[in-house]
Each structure stands twice: as structure tokens, then as C-alpha cells.
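Data from data.cif: mmCIF, C-alpha atoms
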data_structure
#
loop_
_atom_site.label_atom_id
_atom_site.label_comp_id
_atom_site.auth_asym_id
_atom_site.auth_seq_id
_atom_site.Cartn_x
_atom_site.Cartn_y
_atom_site.Cartn_z
CA MET A 933 -6.30 26.87 -9.96
CA LEU A 934 -4.41 23.68 -10.77
CA ILE A 935 -2.56 22.23 -7.78
CA THR A 936 -1.00 19.11 -9.30
CA GLU A 937 -1.83 16.16 -11.49
CA SER A 938 -1.13 12.46 -11.63
CA PRO A 939 -1.48 9.99 -14.48
CA ARG A 940 -5.27 9.69 -13.95
CA LEU A 941 -6.21 12.72 -11.86
CA ILE A 942 -6.16 16.49 -11.65
CA LEU A 943 -6.11 18.13 -8.21
CA ARG A 944 -7.36 21.70 -8.31
CA GLN A 945 -9.07 24.24 -6.16
CA PHE A 946 -12.82 23.95 -5.96
CA ARG A 947 -14.63 26.58 -8.02
CA ASP A 948 -18.14 27.84 -8.66
CA GLY A 949 -19.91 25.11 -10.58
CA ASP A 950 -18.67 22.29 -8.33
CA GLN A 951 -21.83 22.32 -6.21
CA GLN A 952 -23.28 19.18 -7.83
CA ALA A 953 -20.09 17.19 -7.22
CA LEU A 954 -19.86 18.44 -3.64
CA PHE A 955 -23.50 17.51 -3.08
CA ALA A 956 -22.94 13.99 -4.49
CA MET A 957 -19.98 13.24 -2.24
CA ASN A 958 -21.72 14.69 0.83
CA SER A 959 -25.13 13.07 0.44
CA THR A 960 -24.25 9.49 -0.57
CA PRO A 961 -24.78 7.15 2.41
CA GLU A 962 -21.81 4.88 1.59
CA VAL A 963 -19.48 7.88 1.46
CA LEU A 964 -20.78 9.33 4.73
CA ARG A 965 -20.62 6.10 6.72
CA TYR A 966 -17.38 7.23 8.41
CA ILE A 967 -17.87 11.00 8.18
CA PRO A 968 -19.23 12.93 11.17
CA GLY A 969 -22.13 15.28 10.53
CA GLU A 970 -25.34 15.22 8.57
CA PRO A 971 -25.71 14.65 4.81
CA LEU A 972 -26.32 17.67 2.61
CA LYS A 973 -29.99 18.13 1.74
CA ASP A 974 -29.73 19.85 -1.64
CA ILE A 975 -27.53 21.70 -4.14
CA GLU A 976 -28.20 25.01 -2.38
CA GLU A 977 -26.71 23.65 0.84
CA ALA A 978 -23.70 22.37 -1.14
CA GLY A 979 -23.23 25.91 -2.45
CA GLN A 980 -23.25 27.23 1.11
CA VAL A 981 -20.58 24.69 2.14
CA LEU A 982 -18.51 25.66 -0.88
CA GLU A 983 -18.70 29.36 0.04
CA LYS A 984 -18.68 29.26 3.85
CA VAL A 985 -16.21 26.41 4.39
CA ILE A 986 -14.03 25.66 1.36
CA PHE A 987 -13.71 29.14 -0.17
CA ALA A 988 -13.50 30.62 3.35
CA ASP A 989 -10.50 28.36 4.07
CA TYR A 990 -8.85 29.47 0.80
CA ARG A 991 -9.28 33.11 1.85
CA LYS A 992 -8.24 32.65 5.49
CA TYR A 993 -5.36 30.17 5.19
CA GLY A 994 -4.43 30.28 1.51
CA TYR A 995 -5.36 26.60 1.13
CA GLY A 996 -8.17 24.13 1.72
CA ARG A 997 -9.65 20.95 0.30
CA TRP A 998 -8.90 20.34 -3.38
CA ALA A 999 -11.28 18.92 -5.96
CA VAL A 1000 -10.13 15.65 -7.55
CA GLU A 1001 -11.06 15.48 -11.21
CA HIS A 1002 -10.88 12.19 -13.13
CA LYS A 1003 -9.03 12.80 -16.41
CA ALA A 1004 -10.85 10.04 -18.29
CA ASP A 1005 -14.32 11.54 -17.86
CA GLY A 1006 -13.63 15.09 -16.60
CA LYS A 1007 -15.83 14.46 -13.57
CA VAL A 1008 -15.09 15.71 -10.05
CA ILE A 1009 -15.00 12.41 -8.17
CA GLY A 1010 -14.04 13.60 -4.71
CA PHE A 1011 -11.63 15.74 -2.78
CA CYS A 1012 -8.15 15.37 -1.38
CA GLY A 1013 -6.15 18.02 0.36
CA PRO A 1014 -5.29 20.04 3.41
CA LYS A 1015 -7.48 21.67 6.02
CA PHE A 1016 -6.26 23.51 9.09
CA LEU A 1017 -7.99 22.10 12.18
CA PRO A 1018 -7.88 24.75 14.93
CA GLU A 1019 -8.94 22.23 17.59
CA PHE A 1020 -5.78 20.22 16.85
CA GLY A 1021 -3.56 23.13 15.82
CA LYS A 1022 -2.44 21.10 12.79
CA VAL A 1023 -3.10 20.59 9.11
CA GLU A 1024 -5.12 17.50 8.24
CA LEU A 1025 -5.00 15.56 4.99
CA GLY A 1026 -8.57 14.66 4.15
CA TYR A 1027 -9.97 12.71 1.24
CA ARG A 1028 -13.38 11.54 0.09
CA TYR A 1029 -14.47 9.85 -3.14
CA LEU A 1030 -17.63 8.70 -4.85
CA PRO A 1031 -18.14 4.93 -4.39
CA GLU A 1032 -17.94 4.09 -8.09
CA TYR A 1033 -14.27 5.17 -7.97
CA TRP A 1034 -13.30 3.13 -4.90
CA GLY A 1035 -10.90 0.19 -5.18
CA GLN A 1036 -8.92 1.60 -8.11
CA GLY A 1037 -6.00 3.11 -6.19
CA LEU A 1038 -7.19 6.65 -6.93
CA GLY A 1039 -7.23 7.72 -3.27
CA TYR A 1040 -3.58 6.85 -2.80
CA GLU A 1041 -2.66 8.29 -6.20
CA ALA A 1042 -4.23 11.65 -5.33
CA ALA A 1043 -2.83 11.76 -1.80
CA SER A 1044 0.70 10.79 -2.80
CA HIS A 1045 0.76 13.62 -5.36
CA ALA A 1046 -0.79 16.03 -2.85
CA LEU A 1047 1.84 15.53 -0.12
CA PRO A 1048 4.68 17.58 -1.69
CA LYS A 1049 2.22 20.36 -2.55
CA ILE A 1050 0.86 20.41 1.01
CA LYS A 1051 4.39 20.80 2.39
CA ALA A 1052 5.11 23.70 0.02
CA ILE A 1053 1.74 25.48 0.17
CA CYS A 1054 0.94 24.99 3.87
CA ALA A 1055 4.54 25.38 5.09
CA VAL A 1056 4.17 22.55 7.61
CA ASN A 1057 6.49 19.73 8.62
CA GLU A 1058 3.80 17.43 10.01
CA LEU A 1059 0.49 16.25 8.64
CA ILE A 1060 -2.33 14.44 10.41
CA ALA A 1061 -5.33 12.42 9.27
CA LEU A 1062 -8.38 11.82 11.46
CA ILE A 1063 -9.97 8.47 10.71
CA MET A 1064 -13.10 7.05 12.32
CA ASP A 1065 -12.94 3.54 13.72
CA GLY A 1066 -13.72 0.94 11.09
CA ASN A 1067 -12.77 3.04 8.07
CA LEU A 1068 -10.29 0.48 6.76
CA GLY A 1069 -10.02 2.06 3.30
CA SER A 1070 -8.88 5.40 4.71
CA GLU A 1071 -6.55 3.68 7.16
CA ALA A 1072 -4.95 1.75 4.28
CA ILE A 1073 -4.28 4.97 2.36
CA ALA A 1074 -2.83 6.70 5.45
CA LEU A 1075 -0.56 3.75 6.22
CA LYS A 1076 0.61 3.49 2.60
CA LEU A 1077 1.48 7.21 2.77
CA GLY A 1078 3.71 6.51 5.78
CA MET A 1079 1.29 7.89 8.37
CA LEU A 1080 1.20 6.08 11.69
CA PRO A 1081 -1.54 5.98 14.33
CA GLN A 1082 -0.57 8.22 17.25
CA GLU A 1083 -3.58 8.53 19.53
CA GLU A 1084 -7.32 8.37 19.81
CA SER A 1085 -9.32 11.58 19.97
CA GLU A 1086 -12.78 12.92 19.26
CA LEU A 1087 -14.21 14.94 16.39
CA MET A 1088 -17.82 16.13 16.35
CA GLY A 1089 -18.77 13.55 18.97
CA HIS A 1090 -17.13 10.61 17.17
CA LYS A 1091 -14.07 8.65 18.20
CA VAL A 1092 -11.23 9.01 15.69
CA ARG A 1093 -7.70 7.71 15.37
CA VAL A 1094 -5.12 10.40 14.73
CA PHE A 1095 -2.53 9.34 12.17
CA SER A 1096 0.50 11.53 11.48
CA ARG A 1097 3.70 11.75 9.51
CA SER A 1098 6.53 14.17 8.97
CA LEU A 1099 6.76 15.94 5.64
#

Write out the structure in this file as C-alpha cells.
Amino acid sequence: MLITESPRLILRQFRDGDQQALFAMNSTPEVLRYIPGEPLKDIEEAGQVLEKVIFADYRKYGYGRWAVEHKADGKVIGFCGPKFLPEFGKVELGYRYLPEYWGQGLGYEAASHALPKIKAICAVNELIALIMDGNLGSEAIALKLGMLPQEESELMGHKVRVFSRSL
């Protein structure tokens, strides 16, 4: 299902067939430098994450992370979108991209187009982003979106800064 699009990107729900893209963005060391958890081992494990995490969120909450497709090459290059975090009781905006697409403004482009959809679909007035110390690229996107650092917390044993903004 199409969520929204920007000049260079399509944001849509993940679907069967996105396992390879999910594996690429969750097994590349540069991408995972500031992501808690272990890298995916194979395509089969990516399929399990798709079913047990992403599709499960769609079923339970009516929303979850969205695939970001690059219009120029039709490739899924990352994700951007909401996820309800029970441990915080809030919806988080998360984003992750393959390194060859970094530095082109695509992260901000996707997130800025996602914000109005998150407000409408998730029916929330506040959005948070959890960013590990040192992840300057993610911090830059959050700040450009108008999110401000509020506190430090912990996620999966890692110190994170909690950014937030009203919607």
C-alpha cells in the first residue's frame, strides 16, 4: 500500500518480496554502527523479521515501518516510518538507509513527507526518535525536522538520546 511519495521517493508498506532489501539494510556494518542488536544472518531471517515484527505491527497497530523506494532505480533503499514503542508508550519515527544513498538528502526528504501521514495514520500529537550517541547523521535529520533532544535513556542496553516534537 502506498503511503506517500516525494520527488525522488515512494514510501509504502513493506510486502512479501522485500526480504532482500531488509536483509541488506540489516546486515551492512556501516548501517548497523548505531543500531542496537545483531546483524541479520541470511534472507530467511529477514523474512522472519518481516513477518514477526513489521507485518505484526501492521496487524496490531495498523501501522509500522515503511519501505522507502528510490524512484530512479525502483530499489528499496531503506525504511522510514512509525513504530509504537511500548517501553516508552509513544510512537517513534525511525529511518535507516543503505550507505550508497547517504549524503543526498533522501533521509530528510522521506521523513518530512512521512510526518503528516504519521499524524493522520497513528493519531498522535507527539513523535519521538531514539538516536544512539555519535549518530550525527540521524541527529541532523531529527533536528531539521524540528525534533529537539529531551532526555537520555536506554534501548537494548545502549544509551540513546530521546528527541521529540509535536505534530

Between CA of Ala956 in chain A and CA of Trp1034 in chain A, what distance in Å does the model show, to one decimal?
14.5 Å

Evaluate the PyMOL selection byres ((chain A and resi 1067-1075) around 12) and report residues as a ChimeraX atom specification:
/A:962-967,1012,1024-1029,1031,1034-1044,1047,1059-1066,1076-1082,1091-1097

Matched chain/residue IDs from the PyMOL selection byres ((chain A and resi 949) around 12), as an mmCIF file with C-alpha atoms, in the frame of the given file:
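After the write, part_19.cif holds the following:
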data_model
loop_
_atom_site.group_PDB
_atom_site.id
_atom_site.type_symbol
_atom_site.label_atom_id
_atom_site.label_comp_id
_atom_site.auth_asym_id
_atom_site.auth_seq_id
_atom_site.Cartn_x
_atom_site.Cartn_y
_atom_site.Cartn_z
ATOM 1 C CA GLN A 945 -9.070 24.240 -6.160
ATOM 2 C CA PHE A 946 -12.820 23.950 -5.960
ATOM 3 C CA ARG A 947 -14.630 26.580 -8.020
ATOM 4 C CA ASP A 948 -18.140 27.840 -8.660
ATOM 5 C CA ASP A 950 -18.670 22.290 -8.330
ATOM 6 C CA GLN A 951 -21.830 22.320 -6.210
ATOM 7 C CA GLN A 952 -23.280 19.180 -7.830
ATOM 8 C CA ALA A 953 -20.090 17.190 -7.220
ATOM 9 C CA LEU A 954 -19.860 18.440 -3.640
ATOM 10 C CA PHE A 955 -23.500 17.510 -3.080
ATOM 11 C CA ILE A 975 -27.530 21.700 -4.140
ATOM 12 C CA GLU A 976 -28.200 25.010 -2.380
ATOM 13 C CA ALA A 978 -23.700 22.370 -1.140
ATOM 14 C CA GLY A 979 -23.230 25.910 -2.450
ATOM 15 C CA LEU A 982 -18.510 25.660 -0.880
ATOM 16 C CA GLU A 983 -18.700 29.360 0.040
ATOM 17 C CA ALA A 999 -11.280 18.920 -5.960
ATOM 18 C CA LYS A 1007 -15.830 14.460 -13.570
ATOM 19 C CA VAL A 1008 -15.090 15.710 -10.050
#

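Considering all atoms listed in the file, the residue among A:Asp989, A:Leu1030, A:Glu1086, A:Glu1001 positioned nearest to Ser938 in chain A is A:Glu1001.
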
Atom pair CA of Asp974 in chain A / CA of Ser959 in chain A: separation (Å):
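Separation of CA of Asp974 in chain A and CA of Ser959 in chain A: 8.5 Å.
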
Between A:Arg997, A:His1002, A:His1090, A:Lys992, which has the minimum distance to Pro1014 in chain A (counting all atoms listed in the file)?
A:Arg997

To one decimal place in Å, what is the distance between CA of Ala1055 in chain A and CA of Leu1017 in chain A?
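Result for CA of Ala1055 in chain A versus CA of Leu1017 in chain A: 14.8 Å, one decimal.
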
Taking the file as shown, what set of residues would the PyMOL selection byres ((chain A and resi 936) around 10) give back, as a list in words?
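That selection, the PyMOL selection byres ((chain A and resi 936) around 10), comes back as Met933, Leu934, Ile935, Glu937, Ser938, Leu941, Ile942, Leu943, Arg944, Trp998, Val1000, Ala1042, His1045, Ala1046, Pro1048 and Lys1049 of chain A.
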
Name the closest residue to Arg940 in chain A among the candidates A:Ile1009, A:Ile986, A:Leu972, A:Leu1099; distances are taken between atoms, counting only C-alpha atoms.
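Looking at the shortest contact to Arg940 in chain A, the residue is A:Ile1009.
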
Shell of 12 Å around Glu1019 in chain A, only C-alpha atoms, local chain residues under 6 positions omitted, as a list of chain:residue names:
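In the requested form, the answer reads A:Ser1085, A:Glu1086, A:Leu1087, A:Met1088.
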
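Using all atoms listed in the file, the residues found no farther than 9 Å from Val985 in chain A, other than those of its own chain fewer than 5 positions away, are Gln980, Tyr990 and Gly996 of chain A.
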
For a quick check of understanding, using only C-alpha atoms, which of A:Glu1032, A:Phe987, A:Tyr993, A:Asp1005 has the smallest distance to Pro1018 in chain A?
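Of the candidates, the smallest distance to Pro1018 in chain A is held by A:Tyr993.
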
Incomplete range 941-961 of chain A brought to N, CA and C atoms, written out as a tab-separated table (two decimals), in the frame of the given file:
chain	number	residue	atom	x	y	z
A	941	LEU	N	-5.45	11.73	-12.62
A	941	LEU	CA	-6.21	12.72	-11.86
A	941	LEU	C	-5.65	14.12	-11.98
A	942	ILE	N	-6.54	15.09	-11.79
A	942	ILE	CA	-6.16	16.49	-11.65
A	942	ILE	C	-6.63	16.92	-10.27
A	943	LEU	N	-5.74	17.53	-9.49
A	943	LEU	CA	-6.11	18.13	-8.21
A	943	LEU	C	-6.10	19.63	-8.42
A	944	ARG	N	-7.21	20.26	-8.11
A	944	ARG	CA	-7.36	21.70	-8.31
A	944	ARG	C	-8.21	22.28	-7.21
A	945	GLN	N	-8.18	23.60	-7.11
A	945	GLN	CA	-9.07	24.24	-6.16
A	945	GLN	C	-10.51	24.04	-6.61
A	946	PHE	N	-11.39	23.94	-5.63
A	946	PHE	CA	-12.82	23.95	-5.96
A	946	PHE	C	-13.15	25.30	-6.58
A	947	ARG	N	-14.20	25.33	-7.39
A	947	ARG	CA	-14.63	26.58	-8.02
A	947	ARG	C	-16.15	26.59	-8.12
A	948	ASP	N	-16.70	27.76	-8.41
A	948	ASP	CA	-18.14	27.84	-8.66
A	948	ASP	C	-18.46	26.85	-9.77
A	949	GLY	N	-19.55	26.14	-9.62
A	949	GLY	CA	-19.91	25.11	-10.58
A	949	GLY	C	-19.66	23.70	-10.05
A	950	ASP	N	-18.95	23.60	-8.93
A	950	ASP	CA	-18.67	22.29	-8.33
A	950	ASP	C	-19.72	21.87	-7.30
A	951	GLN	N	-20.81	22.62	-7.22
A	951	GLN	CA	-21.83	22.32	-6.21
A	951	GLN	C	-22.42	20.92	-6.37
A	952	GLN	N	-22.68	20.50	-7.59
A	952	GLN	CA	-23.28	19.18	-7.83
A	952	GLN	C	-22.35	18.08	-7.35
A	953	ALA	N	-21.07	18.20	-7.66
A	953	ALA	CA	-20.09	17.19	-7.22
A	953	ALA	C	-19.99	17.18	-5.70
A	954	LEU	N	-19.95	18.36	-5.10
A	954	LEU	CA	-19.86	18.44	-3.64
A	954	LEU	C	-21.10	17.84	-3.00
A	955	PHE	N	-22.26	18.10	-3.59
A	955	PHE	CA	-23.50	17.51	-3.08
A	955	PHE	C	-23.44	15.98	-3.17
A	956	ALA	N	-22.99	15.45	-4.31
A	956	ALA	CA	-22.94	13.99	-4.49
A	956	ALA	C	-22.06	13.33	-3.45
A	957	MET	N	-20.89	13.90	-3.19
A	957	MET	CA	-19.98	13.24	-2.24
A	957	MET	C	-20.37	13.48	-0.78
A	958	ASN	N	-21.29	14.40	-0.54
A	958	ASN	CA	-21.72	14.69	0.83
A	958	ASN	C	-23.18	14.34	1.08
A	959	SER	N	-23.75	13.52	0.22
A	959	SER	CA	-25.13	13.07	0.44
A	959	SER	C	-25.28	11.56	0.18
A	960	THR	N	-24.23	10.92	-0.28
A	960	THR	CA	-24.25	9.49	-0.57
A	960	THR	C	-23.99	8.70	0.70
A	961	PRO	N	-24.94	7.86	1.13
A	961	PRO	CA	-24.78	7.15	2.41
A	961	PRO	C	-23.48	6.35	2.55
